[in-house]
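Engineer: Please read through the structure below; I'll follow up with questions.
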Amino acid sequence: MDYQLGTIDTAILILYGLILVGMGVYFFRKTKTSEEFMVAGRSIPSWAAGIAVMSAYTSSISYIAIPGKAFDSNWHPLIFALTALPVTWFVTKYVIPHYRKNNIISVYKYLEDKIGDWGRVYASFSFLLFMVGRTAIILYLSSLLLISFIDIDIQMLIVIIGVITIIYTLMGGMEAVIWTDVMQSIVMIGGVLFVGYLLTKEIFSEPEFLIQKAFDENKFSLGDTSFSLSSRTVWVMIIYGITENIRNLMADQNYTQKYASVPTEKKAKKSVWFAMLIYLPLTAIFLYIGTALFAFYAGHPIDPSIVKGDQVFPYFIATELPVGVKGLIIAAILAASMSTIDSALNCSATVLYEDYYRKYFKRNPSEKDSMGFLRLSTIVWGVMGIVFALLLINAQSALDTWWQISGIFGGGILGLFLLAIFNVKISRTQGVISVIFSLLIIIWGTFLRDLSANYSWLECTIDPIIVGAAGTAGLVALALTFVVINKQKGNMATS
């Protein structure tokens, strides 16, 4: 597809970029200390922190992929959002009180306090690698989408988006991240609501009443309810949703740092509930747009080159939206990308500072040294994200690469946090063995697929999205086995 924006829409995008840089300049004058850079001096209102947590859940991937899933299949991604509600209850009741009591900035310090420094190093290093991958994927995919509308080379677009995000994150720290996330979320939500309104007018109008096509094809279904783990059933989505949402809200610095930026424990809990109560209906709106697009194109011609659900929303934006609105919607997609990238950069700088620089290199740095390190780290991690995004241009499948990065780098982290929060005591050696076991499960689930008949007994047949959950279950199960063994040894020693 190639649908270039006109002068007005292009001007809107340029203005949007200038506003972001302007916000970075504004918050630069307010960000004087390392605590202000990392957690905004813990002065953020709970509603703003909640919007920032919600924005970490949504990126350009979800802006295009969720409607694409609904267009191609049904509403099964809604299960992921629904499982966030019981997870939010668990996190606000059991996790946030622990973190606030220990005055946590880097969530990985909690692992050191509970299970030892090895856990902190493993989890924080995995997170840092994960953030480079996440930044690269989102830069690449958002640029891939935008080159359909903007007459510019994809390499140049990746660099422009990356540099603008680095500038305002570098200057304003977490306060700039959160308040730009608030602005970007308003643009994003406004965009999807407007598109939803336009589509609703079309598909519910007489005499065609196109929405009936979606009902006829069972597009509002939540998926197959059979008890199978080898395909995208309801049960697979529940397992994936619970484990991934717990990992996000409990063990991912992207989320924990935002709700650490509010003044009190009560407000931290409120911010997470606020995030979920926006995220759930927003997911439903994304899905509704995908279903509405299916109904709309059941009664309207569509370009034969459109063969995947992920292509339909961009095609609709390009061909159906009026001048000005088109620029705002593209800005909304860009906002979804940048709000994820800015958070990744700030959180990576924070983890490098808290878990490495202050722990191993300079225990009591001056504010000047601290701010210098935090800003330098933001630049370095931003540049690494840009470089890897440029390398992804020649990758076979960016999303497949993303799943493999997230699965392998994230393996074991959630399991360690569950051991920590429930005070499961095992030795360092037993902990390392449990993590290795978890990683072996993830490697098996990621790579040992579609094997020849001779090796079919080794093949993993569970749905790839729950491989991480299998790894977490394996780690916890082995750790609990070690607890039982330790207890039996202790009883034998005292008898």
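All residue names refer to the structure tokens as shown: chains lettered A, B, ... in order, residues numbered from 1 in each chain, ligands numbered from 1 in order.
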Show which residues sit within 7 Å of A:Ile329, as JSON, numbers by chain. Count only C-alpha atoms, and ignore same-chain residues fewer than 4 positions away.

Structural biologist: {"A": [191, 325, 333]}

Engineer: Write the residues of the preceding selection, restricted to C-alpha atoms, as a short mmCIF file (atom, residue, chain, number, x, y, z; two decimals), in the first residue's frame.

Structural biologist:
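Generated file (out.cif):
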```cif
data_model
loop_
_atom_site.label_atom_id
_atom_site.label_comp_id
_atom_site.auth_asym_id
_atom_site.auth_seq_id
_atom_site.Cartn_x
_atom_site.Cartn_y
_atom_site.Cartn_z
CA GLY A 191 -8.66 8.51 17.44
CA VAL A 325 -8.56 13.42 10.65
CA ILE A 333 -0.64 5.38 16.04
#
```

Engineer: Quick one: everything within 10 Å of A:His76, counting only C-alpha atoms, minus sequence neighbours fewer than 5 positions away in the same chain. Send it as an MDAnalysis selection string.

Structural biologist: chainID A and resid 66 69:70 81 219:224 232:234 237:238 287

Engineer: From the list A:Met183, A:Val159, A:Leu82, A:Met23, which residue is nearest A:Ala52 when using only C-alpha atoms?

Structural biologist: A:Met183

Engineer: Using DSSP secondary structure from the backbone, list all helix (DSSP H, G or I) positions within stretch 294-451 of chain A, as a ChimeraX atom specification.

Structural biologist: /A:294-298,309-320,325-361,367-392,398-409,413-421,428-447

Engineer: Which residue out of A:Leu249, A:Ile178, A:Ile421, A:Val307 has the minimum interatomic distance to A:Ser43 when only C-alpha atoms are used?

Structural biologist: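 Between A:Leu249, A:Ile178, A:Ile421, A:Val307, the residue approaching A:Ser43 most closely is A:Ile178.
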